[in-house]
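Participant: Before anything else, here's the structure in question.
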Protein chains: 2
Amino acid sequence: MNLLTHEGVLSARAVLEKVAHRTPTFTSRTLDERLGTQIVFKGEHLQRAGAFKFRGAYHALSRLTAEQRRRGVVTFSSGNHASGLALAGKLLGVPVTVVMPEGTLPLKRTATLGYGAEVVPCKNEEREAVGARLAAERGLSIIPPYDHDAVIAGQGTAALELIEDAGPFDLLITPLGGGGLLAGTCLAAHPEGAGAGATEIWGVEPETGDDGARSLAAGAVVVLDRAPDTIADGLRTRFVGQRNFPILKEHVTGVATVTDEEIVRALAWLWIRLKLFVEPSAAVGLAALIAGKVDARGKRTGIILSGGNANPLAVARRIDSLPAGAW
Amino acid sequence: MNLLTHEGVLSARAVLEKVAHRTPTFTSRTLDERLGTQIVFKGEHLQRAGAFKFRGAYHALSRLTAEQRRRGVVTFSSGNHASGLALAGKLLGVPVTVVMPEGTLPLKRTATLGYGAEVVPCKNEEREAVGARLAAERGLSIIPPYDHDAVIAGQGTAALELIEDAGPFDLLITPLGGGGLLAGTCLAAHPEGAGAGATEIWGVEPETGDDGARSLAAGAVVVLDRAPDTIADGLRTRFVGQRNFPILKEHVTGVATVTDEEIVRALAWLWIRLKLFVEPSAAVGLAALIAGKVDARGKRTGIILSGGNANPLAVARRIDSLPAGAW
């Protein structure tokens, strides 16, 4: 079957429903009043291994043959896909090797090792190449972090649950790195097919890594020279996936970009007011609303909080250094 | 009716069920494996105004006469009762005055002001006296933070929901400051009456403020000379309430004490692993389990996470300064 369809997401859900958490949703009266909208947050920071990435990773492993599972898999990831895949491999008895770029958060590295994966360090720009070489040498299947049918369909199950539990929505917003979560959300939210849905769908990415917005404007995938510098460490991707991009082009209303300070303001709301311990990448959707970069006024808005693997001190320091009254 | 009964808690629930959040519960496989128990956390950090205190405060105001509501109320509180009462007053149109001790977290003070209450500063040891004087001068009803029938019955609704949603439990654990939450939990968990319940109930307090443990040992309320110095700013009480103590004496299995370092270890688990943004006072229950001070092995254990009004930087610094491998 073609997994890059609404039916593909439903089929991923059938695999995931006994193993992934059906994460809870959260609302805030104060935030709704402030922004003139009605937001429902999907709490994927409470997903297993602390991020939505477990969904796509487990779904991808579940579709391998017995022989492929025996040989094992390799991936390249700056964090949450790595630990999600490591946990999925542990649960399914599949050996996992992770090519991990320098600068990965120590806590994400520790989690990956904790689930029993082998970690191979590399430079950020070399990660795909090192992964491909290891795959060839060791006969491993490559499970890339986003440019992969089963991964995309798996990530779509988060939006599917959100819509079932609290929909319908006028507007859905997800972080945009490589486009796995955003493409999956498109497939989940528009069952009628390309662009036919009544739901607006936006991606949000860091201003320093605006390849997604530029790619949509150009009509083709734009590749950044180097990984963007941003507090949103889960969104330091250089390009949107080849499988992901056509889906975004067909379904997505727009891509907004946010600055690190805007992300930190949203983090202050999410931690201090909403009491949700999310990581910086998870805050970009709310950041775009607060900064007025996506117009949510009068709309029922669903926002996926993508993960919770944050370094408390690093985030707390940034929140503390916000100008008084900034949020 | 006598509110200090199981029926009193049910009657509080009838008042609260349309206005308080039915907060979600959380579990952690990793923690359960580590501790050899099955824990269900009740997330009162997600309650309105960020703590269980809203329950008792709203219930107390709802039972005032129209004339009492018109005149207004006064309380003395280091934080969460103040903001809970301020929000309840705003919702019910009751003017609220808060006598607030020095050293109250700025964010708790700001929240109280934000809900429209008047704040009168005082020294910690004088708070009851200043409250009583204001009540006499202005004709205000005193709504103390814990030593009050309607407050105790209101706080019991948190455990009632926890038991309904995830019970039955072998063991229930709550923080112990003045005894409002713990006494309410006793009434909720032992419908058969004093001590007849099958559920063990433990309170946990900071080691520096062990008046609860000493009171139970002595069979009478022990009063500390001054407010205890502890990171758990919600538990800086000097004594258990006169209405609370007899309930604790009849129902409680024991009171454990934990050090600040044990509290910080539990906070590391709750923030970094469970992604729950709770305040230090909320972490004492888990701290007691991790430190081996309450034996939960093999038991179905319910723990009430009392609130989420934390200063991120203060907590993150303490977590960061834990010795490596401390949690």
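To be explicit about the labels: the chains of the structure tokens are called A, B, and onward in the order shown, and within each one the residues are counted from 1, while ligands get numbers from 1 in the order they are shown.
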Would you please give, as a VMD selection string, all residues of segment 182-322 of chain B that DSSP assigns to strand (DSSP E) based on the backbone?
Facilitator: chain B and resid 200 to 206 254 to 258 300 to 305
Participant: Atoms to include: all heavy atoms. Write the selected residues as a short mmCIF file (atom, residue, chain, number, x, y, z; two decimals), in the first residue's frame.
Facilitator:
```
data_model
loop_
_atom_site.label_atom_id
_atom_site.label_comp_id
_atom_site.auth_asym_id
_atom_site.auth_seq_id
_atom_site.Cartn_x
_atom_site.Cartn_y
_atom_site.Cartn_z
N GLU B 200 -3.31 2.41 52.92
CA GLU B 200 -2.31 3.13 53.74
C GLU B 200 -2.24 4.57 53.28
O GLU B 200 -2.19 4.82 52.07
CB GLU B 200 -0.92 2.56 53.45
CG GLU B 200 -0.43 1.46 54.32
CD GLU B 200 1.04 1.17 53.98
OE1 GLU B 200 1.91 2.00 54.30
OE2 GLU B 200 1.27 0.13 53.33
N ILE B 201 -2.14 5.51 54.21
CA ILE B 201 -2.00 6.92 53.83
C ILE B 201 -0.78 7.50 54.54
O ILE B 201 -0.66 7.40 55.77
CB ILE B 201 -3.27 7.72 54.21
CG1 ILE B 201 -4.50 7.11 53.51
CG2 ILE B 201 -3.10 9.19 53.81
CD1 ILE B 201 -5.81 7.75 53.93
N TRP B 202 0.12 8.11 53.75
CA TRP B 202 1.32 8.73 54.31
C TRP B 202 1.36 10.22 53.94
O TRP B 202 0.98 10.61 52.83
CB TRP B 202 2.59 8.08 53.75
CG TRP B 202 2.92 6.76 54.38
CD1 TRP B 202 2.29 5.57 54.17
CD2 TRP B 202 3.96 6.51 55.34
NE1 TRP B 202 2.87 4.58 54.94
CE2 TRP B 202 3.91 5.13 55.65
CE3 TRP B 202 4.94 7.31 55.95
CZ2 TRP B 202 4.80 4.54 56.57
CZ3 TRP B 202 5.82 6.72 56.85
CH2 TRP B 202 5.74 5.35 57.16
N GLY B 203 1.84 11.01 54.86
CA GLY B 203 2.19 12.40 54.58
C GLY B 203 3.70 12.50 54.51
O GLY B 203 4.41 11.74 55.17
N VAL B 204 4.20 13.46 53.71
CA VAL B 204 5.64 13.68 53.65
C VAL B 204 5.91 15.17 53.84
O VAL B 204 5.26 16.02 53.21
CB VAL B 204 6.24 13.22 52.30
CG1 VAL B 204 7.76 13.38 52.31
CG2 VAL B 204 5.87 11.76 52.02
N GLU B 205 6.88 15.48 54.70
CA GLU B 205 7.21 16.87 54.99
C GLU B 205 8.71 17.07 54.94
O GLU B 205 9.48 16.10 55.00
CB GLU B 205 6.63 17.30 56.35
CG GLU B 205 7.16 16.49 57.52
CD GLU B 205 6.42 16.77 58.83
OE1 GLU B 205 5.49 17.60 58.86
OE2 GLU B 205 6.80 16.16 59.85
N PRO B 206 9.17 18.32 54.81
CA PRO B 206 10.61 18.58 54.80
C PRO B 206 11.20 18.23 56.17
O PRO B 206 10.56 18.45 57.20
CB PRO B 206 10.72 20.08 54.55
CG PRO B 206 9.36 20.54 54.16
CD PRO B 206 8.38 19.56 54.68
N GLY B 254 1.64 6.95 58.56
CA GLY B 254 2.89 7.52 59.02
C GLY B 254 3.20 8.82 58.31
O GLY B 254 2.58 9.16 57.30
N VAL B 255 4.17 9.55 58.86
CA VAL B 255 4.67 10.77 58.22
C VAL B 255 6.17 10.59 58.01
O VAL B 255 6.89 10.27 58.96
CB VAL B 255 4.40 12.02 59.08
CG1 VAL B 255 5.12 13.24 58.51
CG2 VAL B 255 2.89 12.28 59.18
N ALA B 256 6.61 10.76 56.77
CA ALA B 256 8.04 10.65 56.45
C ALA B 256 8.60 12.04 56.26
O ALA B 256 7.87 12.98 55.92
CB ALA B 256 8.23 9.83 55.18
N THR B 257 9.90 12.20 56.49
CA THR B 257 10.55 13.48 56.23
C THR B 257 11.63 13.29 55.17
O THR B 257 12.25 12.24 55.09
CB THR B 257 11.21 14.06 57.50
OG1 THR B 257 12.22 13.16 57.94
CG2 THR B 257 10.18 14.24 58.61
N VAL B 258 11.82 14.34 54.36
CA VAL B 258 12.83 14.27 53.29
C VAL B 258 13.70 15.52 53.32
O VAL B 258 13.26 16.61 53.70
CB VAL B 258 12.16 14.15 51.89
CG1 VAL B 258 11.56 12.76 51.69
CG2 VAL B 258 11.11 15.22 51.67
N ARG B 300 0.20 -0.68 44.76
CA ARG B 300 -0.37 0.33 43.85
C ARG B 300 -0.40 1.64 44.62
O ARG B 300 -1.08 1.77 45.64
CB ARG B 300 -1.79 -0.04 43.40
CG ARG B 300 -1.84 -1.30 42.55
CD ARG B 300 -3.03 -1.29 41.59
NE ARG B 300 -2.81 -0.36 40.48
CZ ARG B 300 -3.49 0.74 40.26
NH1 ARG B 300 -4.45 1.12 41.05
NH2 ARG B 300 -3.22 1.51 39.21
N THR B 301 0.36 2.62 44.12
CA THR B 301 0.65 3.82 44.89
C THR B 301 0.12 5.07 44.19
O THR B 301 0.43 5.29 43.01
CB THR B 301 2.18 3.94 45.07
OG1 THR B 301 2.66 2.75 45.68
CG2 THR B 301 2.55 5.14 45.91
N GLY B 302 -0.67 5.86 44.87
CA GLY B 302 -1.14 7.13 44.33
C GLY B 302 -0.40 8.27 45.00
O GLY B 302 -0.27 8.31 46.22
N ILE B 303 0.15 9.19 44.19
CA ILE B 303 0.89 10.33 44.73
C ILE B 303 0.27 11.61 44.18
O ILE B 303 0.12 11.75 42.96
CB ILE B 303 2.37 10.27 44.34
CG1 ILE B 303 3.03 9.02 44.93
CG2 ILE B 303 3.11 11.54 44.79
CD1 ILE B 303 4.53 8.91 44.62
N ILE B 304 -0.08 12.53 45.05
CA ILE B 304 -0.63 13.80 44.59
C ILE B 304 0.49 14.81 44.38
O ILE B 304 1.23 15.14 45.31
CB ILE B 304 -1.69 14.35 45.57
CG1 ILE B 304 -2.83 13.33 45.68
CG2 ILE B 304 -2.20 15.71 45.09
CD1 ILE B 304 -3.98 13.76 46.56
N LEU B 305 0.63 15.24 43.13
CA LEU B 305 1.57 16.32 42.79
C LEU B 305 0.82 17.62 43.04
O LEU B 305 -0.08 17.98 42.30
CB LEU B 305 2.00 16.20 41.33
CG LEU B 305 2.73 14.90 40.95
CD1 LEU B 305 2.94 14.82 39.45
CD2 LEU B 305 4.06 14.80 41.69
#
```
Participant: What are the residues of chain B lining chain A at 9 Å or less? Count only C-alpha atoms, and put the answer as a VMD selection string.
Facilitator: chain B and resid 24 45 to 46 49 to 50 271 to 278 308 to 317 319 to 320
Participant: Which value, in Å to one decimal, gives the distance between atom CA of Val73 of chain A and atom CA of Ala183 of chain A?
Facilitator: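 For atom CA of Val73 of chain A relative to atom CA of Ala183 of chain A, the distance reads 23.2 Å.
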